[in-house]
Amino acid sequence: MRTARPLLAATALAIATTSAAYVWGPDAKPGKAASAKKPAAAAPAAACKPDARYPKRELRGVWIATTTNLDWPSKAGLSKAKQQAEYVKILDSAARRNLNAVFVQVRPASDALYKSSLEPWSQYLTGTAGKDPGWDPLPFLIDEAHKRGMEFHAWFNPYRASYSDDIAKLPAGHPAKKHPGWTVKYGGRLYYNPGLPAVRDHVTKVITDVVGRYDVDGVHFDDYFYPYPEAGATFDDAAAFKKYGKGQKLADWRRSNVNKLVEQVDQAVHRTKNHVKFGISPFGIWRNTSNDPRGSKTSGMSAYDSIYADARAWIKAGTVDYVLPQLYWPRGHKAADYRTLVRWWSDAVKGSDVQLYIGQGLYRVGSKDDRAWTKPGELAAQIGLNRDSKEIDGAVYFSAKQLLTNPLGAMDRVAKTYYGRPALLPLMEERGGKAPAMPAGAKADGTRLSWKPSDGARSYAIYQVPKSGKDCRTTDARNLVAVVSDPSYTVKSPGTYLVTALDRLHNESKAVKVKADAP
């Protein structure tokens with residue numbers, strides 16, 4: 001059963017006069033300015049037909065890659081102030097376009113962009129692996145996202161140990177240096193062997209450490225499991241296969257190793273903090289119909305056969321909360337048509353509790369190796385196709401660098417066409433949470449709204465009631481004007497507003513109504 005929890009029924013009836021706020025309902029009490037006699041309750045608003053242009057709940061994210069200083073920091077060795085300023089610039093760019101989630105790479109290759117006793121500091125902070133940058137970036141990265149009402153997903157690469165295969169060059173204390181038997185050299189790089197229980201335990205321990213110590217909202221894996229095939233190279237895991245294969249075929253054993261890690265991490269994350277989400281962004285093609293009748297009508301690399309990633313198994317087992325396939329091809333692509341893959345992944349999650357977001361190839365926009373990407377509207381057209389599928393709960397863009405450069409104006413077109421209003425996050429009931437207490441003490445001083453912090457609230461949603469008085473807040477986001485982290489908001493125009501409290505999973509309280517006057 002999917003997580004589309006029925007939206008809240010009509011808000012509690014409210015009356016507003018001047019700058020005082022009132023909420024009526026079974027548990028509501030008149031405000032101080034109320035007369036002794038309770039006003040007659042207004043008739044419930046007629047049910048509103050949802051406007052598909054303004055989905056109330058939709059994940060809109062961006063990947064922020066740290067590996068090789070791809071997105072952040074822009075280069076190694078920057079000062080703390082410069083690193084912080086660069087990150088804030090990315091988040092402000094995302095916020096302007098009404099994005100509500102960031103996926104930040106905190107472990108590119110068995111290193112850490114946070115203070116860790118298990119793995120060395122990342123070279124992408126200082127230029128030297130293992131060198132202390134003098135501050136712990138992760139609390140800042142998380143807090144800045146939360147200030148903007150965004151979820152923070154900590155992105156880990158599970159098996160990459162080093163971009164060099166020379167163990168001697170690794171910093172002291174590096175797990176691969178302490179346990180060289182865990183590693184396999186392949187294509188000039190060093191990988192942890194997925195077939196070893198000790199490797200799975202180490203990866204799980206690293207992730208559990210982050211979840212336990214930091215206020216992350218999600219744990220995220222990218223598409224790197226067993227390494228992508230290299231011509232003429234062999235991934236030498238024969239000894240592990242002989243020891244642990246137990247009569248399986250090599251390919252089946254490798255897939256089972258990945259599946260075991262996924263299940264182990266899923267359990268560890270939720271055991272540590274149940275509200276933290278766990279998801280994976282697999283390569284966009286599970287299998288082709290030429291490999292398997294259950295596959296997609298495509299002819300590209302098969303993740304199932306080439307990197308031993310079986311996303312269908314994770315969905316079926318429920319060992320992920322979401323999948324985020326990387327669909328970096330345009331519509332009409334001969335080997336991997338975007339439309340075809342959107343339909344396939346929608347079918348793959350249908351009837352499950354697993355949410356589906358689509359990984360969008362923003363970095364491909366403007367690329368001249370495919371004519372479709374030279375068209376400014378291709379990316380927006382893909383979001384339109386996503387919206388046509390009731391199974392798709394959002395999109396994530398790769399990557400932050402292009403969010404800033406905005407090639408061909410494509411991201412602005414997406415924002416203007418589809419993200420004209422903010423959106424709440426899709427509900428994920430199995431991660432718990434509950435609607436916070438309704439905002440209390442709401443008042444207005446001119447156009448500045450304020451209220452008391454609500455117990456259990458991470459943020460607050462602000463809706464502007466249209467002059468017609470028809471309140472469609474419960475059906476879509478047409479009246480949603482902001483999601484804020486602080487219990488105050490300055491409106492852009494006078495009028496009547498609704499304020500609700502949101503917990504970290506965006507369970508939503510009843511609304512209080514408040515009237516903002518002209519300054």
# chains A, B, ... in the order shown; residues from 1 in each chain; ligands from 1
>>> select_by_dssp(residues="region 195-383 of chain A", states="alpha helix (DSSP H)", output="PDB file with N, CA and C atoms, in the first residue's frame")
ATOM      1  N   PRO A 197      31.488 -10.132   4.751  1.00  0.00           N
ATOM      2  CA  PRO A 197      30.635  -9.637   5.845  1.00  0.00           C
ATOM      3  C   PRO A 197      31.276  -8.480   6.612  1.00  0.00           C
ATOM      4  N   ALA A 198      32.599  -8.499   6.762  1.00  0.00           N
ATOM      5  CA  ALA A 198      33.280  -7.428   7.487  1.00  0.00           C
ATOM      6  C   ALA A 198      33.116  -6.086   6.789  1.00  0.00           C
ATOM      7  N   VAL A 199      33.097  -6.112   5.466  1.00  0.00           N
ATOM      8  CA  VAL A 199      32.883  -4.874   4.698  1.00  0.00           C
ATOM      9  C   VAL A 199      31.471  -4.353   4.924  1.00  0.00           C
ATOM     10  N   ARG A 200      30.498  -5.243   4.846  1.00  0.00           N
ATOM     11  CA  ARG A 200      29.113  -4.807   5.083  1.00  0.00           C
ATOM     12  C   ARG A 200      28.965  -4.234   6.493  1.00  0.00           C
ATOM     13  N   ASP A 201      29.621  -4.868   7.452  1.00  0.00           N
ATOM     14  CA  ASP A 201      29.534  -4.375   8.833  1.00  0.00           C
ATOM     15  C   ASP A 201      30.177  -2.998   8.965  1.00  0.00           C
ATOM     16  N   HIS A 202      31.299  -2.800   8.287  1.00  0.00           N
ATOM     17  CA  HIS A 202      31.970  -1.502   8.374  1.00  0.00           C
ATOM     18  C   HIS A 202      31.120  -0.399   7.753  1.00  0.00           C
ATOM     19  N   VAL A 203      30.603  -0.641   6.565  1.00  0.00           N
ATOM     20  CA  VAL A 203      29.773   0.365   5.899  1.00  0.00           C
ATOM     21  C   VAL A 203      28.566   0.703   6.769  1.00  0.00           C
ATOM     22  N   THR A 204      27.952  -0.320   7.324  1.00  0.00           N
ATOM     23  CA  THR A 204      26.782  -0.105   8.187  1.00  0.00           C
ATOM     24  C   THR A 204      27.161   0.699   9.424  1.00  0.00           C
ATOM     25  N   LYS A 205      28.314   0.410   9.983  1.00  0.00           N
ATOM     26  CA  LYS A 205      28.774   1.130  11.175  1.00  0.00           C
ATOM     27  C   LYS A 205      29.010   2.608  10.870  1.00  0.00           C
ATOM     28  N   VAL A 206      29.610   2.887   9.725  1.00  0.00           N
ATOM     29  CA  VAL A 206      29.851   4.281   9.315  1.00  0.00           C
ATOM     30  C   VAL A 206      28.534   5.038   9.202  1.00  0.00           C
ATOM     31  N   ILE A 207      27.555   4.425   8.559  1.00  0.00           N
ATOM     32  CA  ILE A 207      26.267   5.092   8.354  1.00  0.00           C
ATOM     33  C   ILE A 207      25.527   5.256   9.680  1.00  0.00           C
ATOM     34  N   THR A 208      25.531   4.211  10.496  1.00  0.00           N
ATOM     35  CA  THR A 208      24.860   4.281  11.801  1.00  0.00           C
ATOM     36  C   THR A 208      25.463   5.387  12.662  1.00  0.00           C
ATOM     37  N   ASP A 209      26.779   5.556  12.568  1.00  0.00           N
ATOM     38  CA  ASP A 209      27.462   6.614  13.319  1.00  0.00           C
ATOM     39  C   ASP A 209      26.933   7.998  12.929  1.00  0.00           C
ATOM     40  N   VAL A 210      26.776   8.228  11.635  1.00  0.00           N
ATOM     41  CA  VAL A 210      26.278   9.525  11.162  1.00  0.00           C
ATOM     42  C   VAL A 210      24.829   9.733  11.584  1.00  0.00           C
ATOM     43  N   VAL A 211      24.006   8.714  11.402  1.00  0.00           N
ATOM     44  CA  VAL A 211      22.594   8.834  11.769  1.00  0.00           C
ATOM     45  C   VAL A 211      22.440   9.097  13.264  1.00  0.00           C
ATOM     46  N   GLY A 212      23.271   8.452  14.060  1.00  0.00           N
ATOM     47  CA  GLY A 212      23.176   8.625  15.500  1.00  0.00           C
ATOM     48  C   GLY A 212      23.631   9.979  15.985  1.00  0.00           C
ATOM     49  N   ARG A 213      24.637  10.570  15.332  1.00  0.00           N
ATOM     50  CA  ARG A 213      25.244  11.808  15.848  1.00  0.00           C
ATOM     51  C   ARG A 213      24.744  13.091  15.190  1.00  0.00           C
ATOM     52  N   ALA A 238      37.399 -13.861  -6.292  1.00  0.00           N
ATOM     53  CA  ALA A 238      37.312 -15.323  -6.358  1.00  0.00           C
ATOM     54  C   ALA A 238      37.447 -15.968  -4.981  1.00  0.00           C
ATOM     55  N   ALA A 239      38.335 -15.454  -4.160  1.00  0.00           N
ATOM     56  CA  ALA A 239      38.544 -16.066  -2.835  1.00  0.00           C
ATOM     57  C   ALA A 239      37.302 -15.913  -1.961  1.00  0.00           C
ATOM     58  N   ALA A 240      36.702 -14.727  -2.005  1.00  0.00           N
ATOM     59  CA  ALA A 240      35.482 -14.502  -1.220  1.00  0.00           C
ATOM     60  C   ALA A 240      34.340 -15.360  -1.752  1.00  0.00           C
ATOM     61  N   PHE A 241      34.274 -15.499  -3.062  1.00  0.00           N
ATOM     62  CA  PHE A 241      33.217 -16.311  -3.672  1.00  0.00           C
ATOM     63  C   PHE A 241      33.365 -17.771  -3.266  1.00  0.00           C
ATOM     64  N   LYS A 242      34.619 -18.249  -3.244  1.00  0.00           N
ATOM     65  CA  LYS A 242      34.862 -19.638  -2.856  1.00  0.00           C
ATOM     66  C   LYS A 242      34.446 -19.869  -1.403  1.00  0.00           C
ATOM     67  N   LYS A 243      34.680 -18.870  -0.552  1.00  0.00           N
ATOM     68  CA  LYS A 243      34.391 -19.006   0.864  1.00  0.00           C
ATOM     69  C   LYS A 243      32.914 -18.835   1.186  1.00  0.00           C
ATOM     70  N   TYR A 244      32.261 -17.903   0.499  1.00  0.00           N
ATOM     71  CA  TYR A 244      30.890 -17.549   0.866  1.00  0.00           C
ATOM     72  C   TYR A 244      29.838 -17.850  -0.195  1.00  0.00           C
ATOM     73  N   LEU A 250      28.034 -16.977  -9.701  1.00  0.00           N
ATOM     74  CA  LEU A 250      28.768 -15.773  -9.302  1.00  0.00           C
ATOM     75  C   LEU A 250      27.879 -14.528  -9.345  1.00  0.00           C
ATOM     76  N   ALA A 251      27.125 -14.361 -10.425  1.00  0.00           N
ATOM     77  CA  ALA A 251      26.299 -13.157 -10.566  1.00  0.00           C
ATOM     78  C   ALA A 251      25.215 -13.109  -9.489  1.00  0.00           C
ATOM     79  N   ASP A 252      24.597 -14.244  -9.218  1.00  0.00           N
ATOM     80  CA  ASP A 252      23.554 -14.284  -8.176  1.00  0.00           C
ATOM     81  C   ASP A 252      24.151 -13.978  -6.801  1.00  0.00           C
ATOM     82  N   TRP A 253      25.345 -14.506  -6.555  1.00  0.00           N
ATOM     83  CA  TRP A 253      26.013 -14.258  -5.281  1.00  0.00           C
ATOM     84  C   TRP A 253      26.332 -12.772  -5.118  1.00  0.00           C
ATOM     85  N   ARG A 254      26.823 -12.157  -6.177  1.00  0.00           N
ATOM     86  CA  ARG A 254      27.139 -10.727  -6.105  1.00  0.00           C
ATOM     87  C   ARG A 254      25.876  -9.905  -5.835  1.00  0.00           C
ATOM     88  N   ARG A 255      24.794 -10.232  -6.505  1.00  0.00           N
ATOM     89  CA  ARG A 255      23.549  -9.496  -6.237  1.00  0.00           C
ATOM     90  C   ARG A 255      23.081  -9.711  -4.801  1.00  0.00           C
ATOM     91  N   SER A 256      23.241 -10.928  -4.309  1.00  0.00           N
ATOM     92  CA  SER A 256      22.809 -11.193  -2.937  1.00  0.00           C
ATOM     93  C   SER A 256      23.661 -10.419  -1.935  1.00  0.00           C
ATOM     94  N   ASN A 257      24.945 -10.187  -2.266  1.00  0.00           N
ATOM     95  CA  ASN A 257      25.800  -9.397  -1.388  1.00  0.00           C
ATOM     96  C   ASN A 257      25.293  -7.957  -1.275  1.00  0.00           C
ATOM     97  N   VAL A 258      24.927  -7.386  -2.411  1.00  0.00           N
ATOM     98  CA  VAL A 258      24.385  -6.016  -2.417  1.00  0.00           C
ATOM     99  C   VAL A 258      23.060  -5.989  -1.664  1.00  0.00           C
ATOM    100  N   ASN A 259      22.218  -6.976  -1.933  1.00  0.00           N
ATOM    101  CA  ASN A 259      20.911  -7.018  -1.254  1.00  0.00           C
ATOM    102  C   ASN A 259      21.073  -7.119   0.264  1.00  0.00           C
ATOM    103  N   LYS A 260      22.067  -7.894   0.699  1.00  0.00           N
ATOM    104  CA  LYS A 260      22.311  -8.027   2.142  1.00  0.00           C
ATOM    105  C   LYS A 260      22.726  -6.700   2.750  1.00  0.00           C
ATOM    106  N   LEU A 261      23.593  -5.952   2.050  1.00  0.00           N
ATOM    107  CA  LEU A 261      24.006  -4.651   2.572  1.00  0.00           C
ATOM    108  C   LEU A 261      22.815  -3.702   2.650  1.00  0.00           C
ATOM    109  N   VAL A 262      22.007  -3.679   1.604  1.00  0.00           N
ATOM    110  CA  VAL A 262      20.841  -2.785   1.579  1.00  0.00           C
ATOM    111  C   VAL A 262      19.917  -3.104   2.752  1.00  0.00           C
ATOM    112  N   GLU A 263      19.651  -4.380   2.966  1.00  0.00           N
ATOM    113  CA  GLU A 263      18.777  -4.767   4.076  1.00  0.00           C
ATOM    114  C   GLU A 263      19.405  -4.418   5.418  1.00  0.00           C
ATOM    115  N   GLN A 264      20.701  -4.662   5.543  1.00  0.00           N
ATOM    116  CA  GLN A 264      21.399  -4.401   6.800  1.00  0.00           C
ATOM    117  C   GLN A 264      21.380  -2.907   7.128  1.00  0.00           C
ATOM    118  N   VAL A 265      21.637  -2.059   6.127  1.00  0.00           N
ATOM    119  CA  VAL A 265      21.636  -0.614   6.337  1.00  0.00           C
ATOM    120  C   VAL A 265      20.231  -0.127   6.646  1.00  0.00           C
ATOM    121  N   ASP A 266      19.252  -0.640   5.922  1.00  0.00           N
ATOM    122  CA  ASP A 266      17.852  -0.260   6.159  1.00  0.00           C
ATOM    123  C   ASP A 266      17.465  -0.510   7.618  1.00  0.00           C
ATOM    124  N   GLN A 267      17.789  -1.689   8.110  1.00  0.00           N
ATOM    125  CA  GLN A 267      17.444  -2.027   9.491  1.00  0.00           C
ATOM    126  C   GLN A 267      18.213  -1.171  10.490  1.00  0.00           C
ATOM    127  N   ALA A 268      19.496  -0.945  10.229  1.00  0.00           N
ATOM    128  CA  ALA A 268      20.321  -0.174  11.159  1.00  0.00           C
ATOM    129  C   ALA A 268      19.868   1.285  11.232  1.00  0.00           C
ATOM    130  N   VAL A 269      19.558   1.867  10.091  1.00  0.00           N
ATOM    131  CA  VAL A 269      19.112   3.262  10.059  1.00  0.00           C
ATOM    132  C   VAL A 269      17.834   3.432  10.863  1.00  0.00           C
ATOM    133  N   HIS A 270      16.860   2.566  10.611  1.00  0.00           N
ATOM    134  CA  HIS A 270      15.561   2.718  11.264  1.00  0.00           C
ATOM    135  C   HIS A 270      15.600   2.293  12.729  1.00  0.00           C
ATOM    136  N   ARG A 271      16.515   1.402  13.057  1.00  0.00           N
ATOM    137  CA  ARG A 271      16.683   1.032  14.458  1.00  0.00           C
ATOM    138  C   ARG A 271      17.302   2.198  15.242  1.00  0.00           C
ATOM    139  N   THR A 272      18.172   2.941  14.598  1.00  0.00           N
ATOM    140  CA  THR A 272      18.826   4.073  15.252  1.00  0.00           C
ATOM    141  C   THR A 272      17.875   5.258  15.388  1.00  0.00           C
ATOM    142  N   ALA A 303      21.723  -2.700 -15.077  1.00  0.00           N
ATOM    143  CA  ALA A 303      22.290  -2.614 -13.728  1.00  0.00           C
ATOM    144  C   ALA A 303      22.298  -3.974 -13.049  1.00  0.00           C
ATOM    145  N   TYR A 304      21.271  -4.755 -13.290  1.00  0.00           N
ATOM    146  CA  TYR A 304      21.133  -6.089 -12.694  1.00  0.00           C
ATOM    147  C   TYR A 304      22.302  -6.978 -13.106  1.00  0.00           C
ATOM    148  N   ASP A 305      22.697  -6.907 -14.361  1.00  0.00           N
ATOM    149  CA  ASP A 305      23.717  -7.811 -14.898  1.00  0.00           C
ATOM    150  C   ASP A 305      25.130  -7.246 -14.836  1.00  0.00           C
ATOM    151  N   SER A 306      25.279  -5.907 -14.872  1.00  0.00           N
ATOM    152  CA  SER A 306      26.612  -5.307 -14.971  1.00  0.00           C
ATOM    153  C   SER A 306      27.185  -4.847 -13.644  1.00  0.00           C
ATOM    154  N   ALA A 311      17.240  -3.450  -8.168  1.00  0.00           N
ATOM    155  CA  ALA A 311      16.292  -2.514  -7.545  1.00  0.00           C
ATOM    156  C   ALA A 311      14.918  -3.130  -7.357  1.00  0.00           C
ATOM    157  N   ARG A 312      14.518  -4.017  -8.249  1.00  0.00           N
ATOM    158  CA  ARG A 312      13.210  -4.670  -8.086  1.00  0.00           C
ATOM    159  C   ARG A 312      13.179  -5.498  -6.799  1.00  0.00           C
ATOM    160  N   ALA A 313      14.299  -6.103  -6.460  1.00  0.00           N
ATOM    161  CA  ALA A 313      14.359  -6.902  -5.228  1.00  0.00           C
ATOM    162  C   ALA A 313      14.210  -5.999  -4.001  1.00  0.00           C
ATOM    163  N   TRP A 314      14.827  -4.819  -4.028  1.00  0.00           N
ATOM    164  CA  TRP A 314      14.721  -3.900  -2.882  1.00  0.00           C
ATOM    165  C   TRP A 314      13.280  -3.416  -2.725  1.00  0.00           C
ATOM    166  N   ILE A 315      12.653  -3.133  -3.859  1.00  0.00           N
ATOM    167  CA  ILE A 315      11.254  -2.670  -3.808  1.00  0.00           C
ATOM    168  C   ILE A 315      10.362  -3.775  -3.253  1.00  0.00           C
ATOM    169  N   LYS A 316      10.543  -4.975  -3.776  1.00  0.00           N
ATOM    170  CA  LYS A 316       9.707  -6.107  -3.349  1.00  0.00           C
ATOM    171  C   LYS A 316       9.914  -6.411  -1.870  1.00  0.00           C
ATOM    172  N   ALA A 317      11.156  -6.331  -1.405  1.00  0.00           N
ATOM    173  CA  ALA A 317      11.453  -6.642  -0.003  1.00  0.00           C
ATOM    174  C   ALA A 317      11.135  -5.479   0.932  1.00  0.00           C
ATOM    175  N   TYR A 338      13.131   8.170 -22.434  1.00  0.00           N
ATOM    176  CA  TYR A 338      12.685   8.651 -21.124  1.00  0.00           C
ATOM    177  C   TYR A 338      11.259   8.209 -20.819  1.00  0.00           C
ATOM    178  N   ARG A 339      10.367   8.344 -21.783  1.00  0.00           N
ATOM    179  CA  ARG A 339       8.959   7.957 -21.560  1.00  0.00           C
ATOM    180  C   ARG A 339       8.854   6.487 -21.160  1.00  0.00           C
ATOM    181  N   THR A 340       9.579   5.645 -21.875  1.00  0.00           N
ATOM    182  CA  THR A 340       9.544   4.207 -21.616  1.00  0.00           C
ATOM    183  C   THR A 340      10.000   3.901 -20.189  1.00  0.00           C
ATOM    184  N   LEU A 341      11.060   4.554 -19.766  1.00  0.00           N
ATOM    185  CA  LEU A 341      11.610   4.270 -18.442  1.00  0.00           C
ATOM    186  C   LEU A 341      10.738   4.830 -17.318  1.00  0.00           C
ATOM    187  N   VAL A 342      10.117   5.976 -17.547  1.00  0.00           N
ATOM    188  CA  VAL A 342       9.194   6.508 -16.545  1.00  0.00           C
ATOM    189  C   VAL A 342       8.043   5.533 -16.317  1.00  0.00           C
ATOM    190  N   ARG A 343       7.524   4.992 -17.405  1.00  0.00           N
ATOM    191  CA  ARG A 343       6.431   4.011 -17.276  1.00  0.00           C
ATOM    192  C   ARG A 343       6.912   2.755 -16.556  1.00  0.00           C
ATOM    193  N   TRP A 344       8.123   2.291 -16.883  1.00  0.00           N
ATOM    194  CA  TRP A 344       8.620   1.048 -16.282  1.00  0.00           C
ATOM    195  C   TRP A 344       8.790   1.222 -14.775  1.00  0.00           C
ATOM    196  N   TRP A 345       9.423   2.305 -14.357  1.00  0.00           N
ATOM    197  CA  TRP A 345       9.642   2.499 -12.932  1.00  0.00           C
ATOM    198  C   TRP A 345       8.329   2.750 -12.188  1.00  0.00           C
ATOM    199  N   SER A 346       7.399   3.417 -12.825  1.00  0.00           N
ATOM    200  CA  SER A 346       6.086   3.612 -12.202  1.00  0.00           C
ATOM    201  C   SER A 346       5.421   2.271 -11.943  1.00  0.00           C
ATOM    202  N   ASP A 347       5.527   1.380 -12.919  1.00  0.00           N
ATOM    203  CA  ASP A 347       4.957   0.033 -12.740  1.00  0.00           C
ATOM    204  C   ASP A 347       5.714  -0.739 -11.656  1.00  0.00           C
ATOM    205  N   ALA A 348       7.016  -0.515 -11.564  1.00  0.00           N
ATOM    206  CA  ALA A 348       7.840  -1.274 -10.608  1.00  0.00           C
ATOM    207  C   ALA A 348       7.450  -0.988  -9.154  1.00  0.00           C
ATOM    208  N   VAL A 349       7.042   0.238  -8.851  1.00  0.00           N
ATOM    209  CA  VAL A 349       6.699   0.571  -7.458  1.00  0.00           C
ATOM    210  C   VAL A 349       5.208   0.451  -7.179  1.00  0.00           C
ATOM    211  N   GLU A 378      13.391  20.567 -22.975  1.00  0.00           N
ATOM    212  CA  GLU A 378      13.393  19.113 -22.773  1.00  0.00           C
ATOM    213  C   GLU A 378      13.219  18.747 -21.306  1.00  0.00           C
ATOM    214  N   LEU A 379      13.954  19.410 -20.436  1.00  0.00           N
ATOM    215  CA  LEU A 379      13.883  19.074 -19.011  1.00  0.00           C
ATOM    216  C   LEU A 379      12.482  19.345 -18.465  1.00  0.00           C
ATOM    217  N   ALA A 380      11.905  20.474 -18.801  1.00  0.00           N
ATOM    218  CA  ALA A 380      10.555  20.793 -18.331  1.00  0.00           C
ATOM    219  C   ALA A 380       9.539  19.782 -18.855  1.00  0.00           C
ATOM    220  N   ALA A 381       9.721  19.348 -20.099  1.00  0.00           N
ATOM    221  CA  ALA A 381       8.809  18.353 -20.666  1.00  0.00           C
ATOM    222  C   ALA A 381       8.882  17.044 -19.891  1.00  0.00           C
ATOM    223  N   GLN A 382      10.076  16.704 -19.412  1.00  0.00           N
ATOM    224  CA  GLN A 382      10.220  15.486 -18.610  1.00  0.00           C
ATOM    225  C   GLN A 382       9.474  15.609 -17.287  1.00  0.00           C
ATOM    226  N   ILE A 383       9.528  16.770 -16.662  1.00  0.00           N
ATOM    227  CA  ILE A 383       8.786  16.964 -15.415  1.00  0.00           C
ATOM    228  C   ILE A 383       7.290  16.860 -15.689  1.00  0.00           C
TER     229      ILE A 383
END
>>> residues_around(residues="Lys452 (chain A)", least_positions_apart="5", cutoff="12 Å", atoms="only C-alpha atoms", output="PyMOL selection string")
chain A and resi 437-443+457+460+486-488+499-501+512
>>> write_last_selection(atoms="all heavy atoms", output="CSV table (one decimal), in the first residue's frame")
chain,number,residue,atom,x,y,z
A,437,ALA,N,1.2,20.2,17.4
A,437,ALA,CA,0.2,21.1,17.9
A,437,ALA,C,-0.1,22.3,17.0
A,437,ALA,O,0.9,22.8,16.4
A,437,ALA,CB,0.5,21.6,19.3
A,438,MET,N,-1.3,22.6,16.9
A,438,MET,CA,-1.7,23.8,16.0
A,438,MET,C,-1.0,25.0,16.5
A,438,MET,O,-0.9,25.3,17.7
A,438,MET,CB,-3.2,23.9,16.0
A,438,MET,CG,-3.8,25.0,15.1
A,438,MET,SD,-5.6,24.9,15.1
A,438,MET,CE,-5.9,25.0,16.9
A,439,PRO,N,-0.5,25.9,15.6
A,439,PRO,CA,0.1,27.1,16.1
A,439,PRO,C,-0.8,27.9,17.0
A,439,PRO,O,-2.0,28.1,16.7
A,439,PRO,CB,0.4,27.9,14.7
A,439,PRO,CG,0.5,26.8,13.7
A,439,PRO,CD,-0.5,25.8,14.1
A,440,ALA,N,-0.3,28.4,18.1
A,440,ALA,CA,-1.1,29.2,19.0
A,440,ALA,C,-0.5,30.6,19.1
A,440,ALA,O,0.7,30.9,18.7
A,440,ALA,CB,-1.0,28.5,20.4
A,441,GLY,N,-1.3,31.5,19.6
A,441,GLY,CA,-0.9,32.9,19.8
A,441,GLY,C,-0.6,33.6,18.5
A,441,GLY,O,0.2,34.6,18.4
A,442,ALA,N,-1.3,33.2,17.4
A,442,ALA,CA,-1.0,33.8,16.1
A,442,ALA,C,-1.5,35.3,16.1
A,442,ALA,O,-2.6,35.5,16.6
A,442,ALA,CB,-1.7,33.0,15.0
A,443,LYS,N,-0.7,36.2,15.6
A,443,LYS,CA,-1.1,37.6,15.5
A,443,LYS,C,-0.4,38.2,14.3
A,443,LYS,O,0.5,37.6,13.7
A,443,LYS,CB,-0.8,38.3,16.8
A,443,LYS,CG,0.7,38.3,17.1
A,443,LYS,CD,1.0,39.0,18.4
A,443,LYS,CE,2.5,39.0,18.8
A,443,LYS,NZ,2.8,39.7,20.0
A,457,ALA,N,7.2,20.8,16.1
A,457,ALA,CA,7.2,21.4,14.7
A,457,ALA,C,8.6,21.6,14.2
A,457,ALA,O,9.5,22.1,15.0
A,457,ALA,CB,6.5,22.7,14.7
A,460,TYR,N,6.7,25.5,9.3
A,460,TYR,CA,5.3,26.0,9.3
A,460,TYR,C,5.0,26.3,7.8
A,460,TYR,O,5.8,26.8,7.1
A,460,TYR,CB,5.2,27.2,10.2
A,460,TYR,CG,5.6,27.0,11.6
A,460,TYR,CD1,6.9,27.2,12.0
A,460,TYR,CD2,4.7,26.6,12.5
A,460,TYR,CE1,7.3,27.0,13.3
A,460,TYR,CE2,5.0,26.3,13.9
A,460,TYR,CZ,6.4,26.5,14.2
A,460,TYR,OH,6.8,26.3,15.5
A,486,ASP,N,11.1,29.4,11.1
A,486,ASP,CA,10.8,30.2,12.3
A,486,ASP,C,9.4,30.5,12.4
A,486,ASP,O,8.6,30.6,11.4
A,486,ASP,CB,11.6,31.5,12.2
A,486,ASP,CG,13.1,31.3,12.2
A,486,ASP,OD1,13.6,30.4,12.9
A,486,ASP,OD2,13.9,32.0,11.5
A,487,PRO,N,8.9,30.8,13.6
A,487,PRO,CA,7.5,31.1,13.8
A,487,PRO,C,7.1,32.5,13.5
A,487,PRO,O,6.5,33.2,14.3
A,487,PRO,CB,7.3,30.7,15.3
A,487,PRO,CG,8.6,31.0,15.9
A,487,PRO,CD,9.6,30.6,14.9
A,488,SER,N,7.5,33.0,12.3
A,488,SER,CA,7.1,34.3,11.9
A,488,SER,C,7.2,34.3,10.4
A,488,SER,O,8.0,33.5,9.8
A,488,SER,CB,8.0,35.4,12.5
A,488,SER,OG,9.3,35.2,12.1
A,499,VAL,N,-2.0,29.4,8.9
A,499,VAL,CA,-0.7,28.9,9.3
A,499,VAL,C,-0.9,27.5,9.9
A,499,VAL,O,-1.8,27.3,10.8
A,499,VAL,CB,-0.1,29.8,10.4
A,499,VAL,CG1,1.3,29.3,10.8
A,499,VAL,CG2,0.0,31.3,9.9
A,500,THR,N,-0.1,26.6,9.5
A,500,THR,CA,-0.1,25.2,10.0
A,500,THR,C,1.3,24.8,10.5
A,500,THR,O,2.3,25.4,10.0
A,500,THR,CB,-0.6,24.2,9.0
A,500,THR,OG1,0.4,24.1,7.9
A,500,THR,CG2,-2.0,24.5,8.4
A,501,ALA,N,1.4,23.9,11.4
A,501,ALA,CA,2.7,23.4,11.8
A,501,ALA,C,3.0,22.1,11.2
A,501,ALA,O,2.1,21.2,11.0
A,501,ALA,CB,2.7,23.3,13.4
A,512,VAL,N,-4.5,27.8,11.8
A,512,VAL,CA,-5.0,28.9,12.5
A,512,VAL,C,-5.1,30.0,11.4
A,512,VAL,O,-4.3,30.1,10.5
A,512,VAL,CB,-4.1,29.4,13.7
A,512,VAL,CG1,-2.8,29.8,13.2
A,512,VAL,CG2,-4.8,30.5,14.4
>>> residues_around(residues="Asp370 (chain A)", least_positions_apart="4", cutoff="10 Å", atoms="only C-alpha atoms", output="list in words")
Trp329, Pro330, His333, Arg364, Val365, Gly366, Thr374 and Lys375 of chain A
>>> closest_residue(among="A:Tyr159, A:Phe152, A:Tyr322, A:Trp135", to="Ser110 (chain A)", atoms="only C-alpha atoms")
A:Tyr159
>>> residues_around(residues="Gly181 (chain A)", least_positions_apart="5", cutoff="9 Å", atoms="only C-alpha atoms", output="PyMOL selection string")
chain A and resi 176+192-193
>>> residues_around(residues="region 273-276 of chain A", least_positions_apart="6", cutoff="8 Å", atoms="only C-alpha atoms", output="VMD selection string")
chain A and resid 211 to 212 216 to 219 431 to 433 505
>>> atom_distance(atom1="CA of Ala309 (chain A)", atom2="CA of Asn157 (chain A)")
13.7 Å
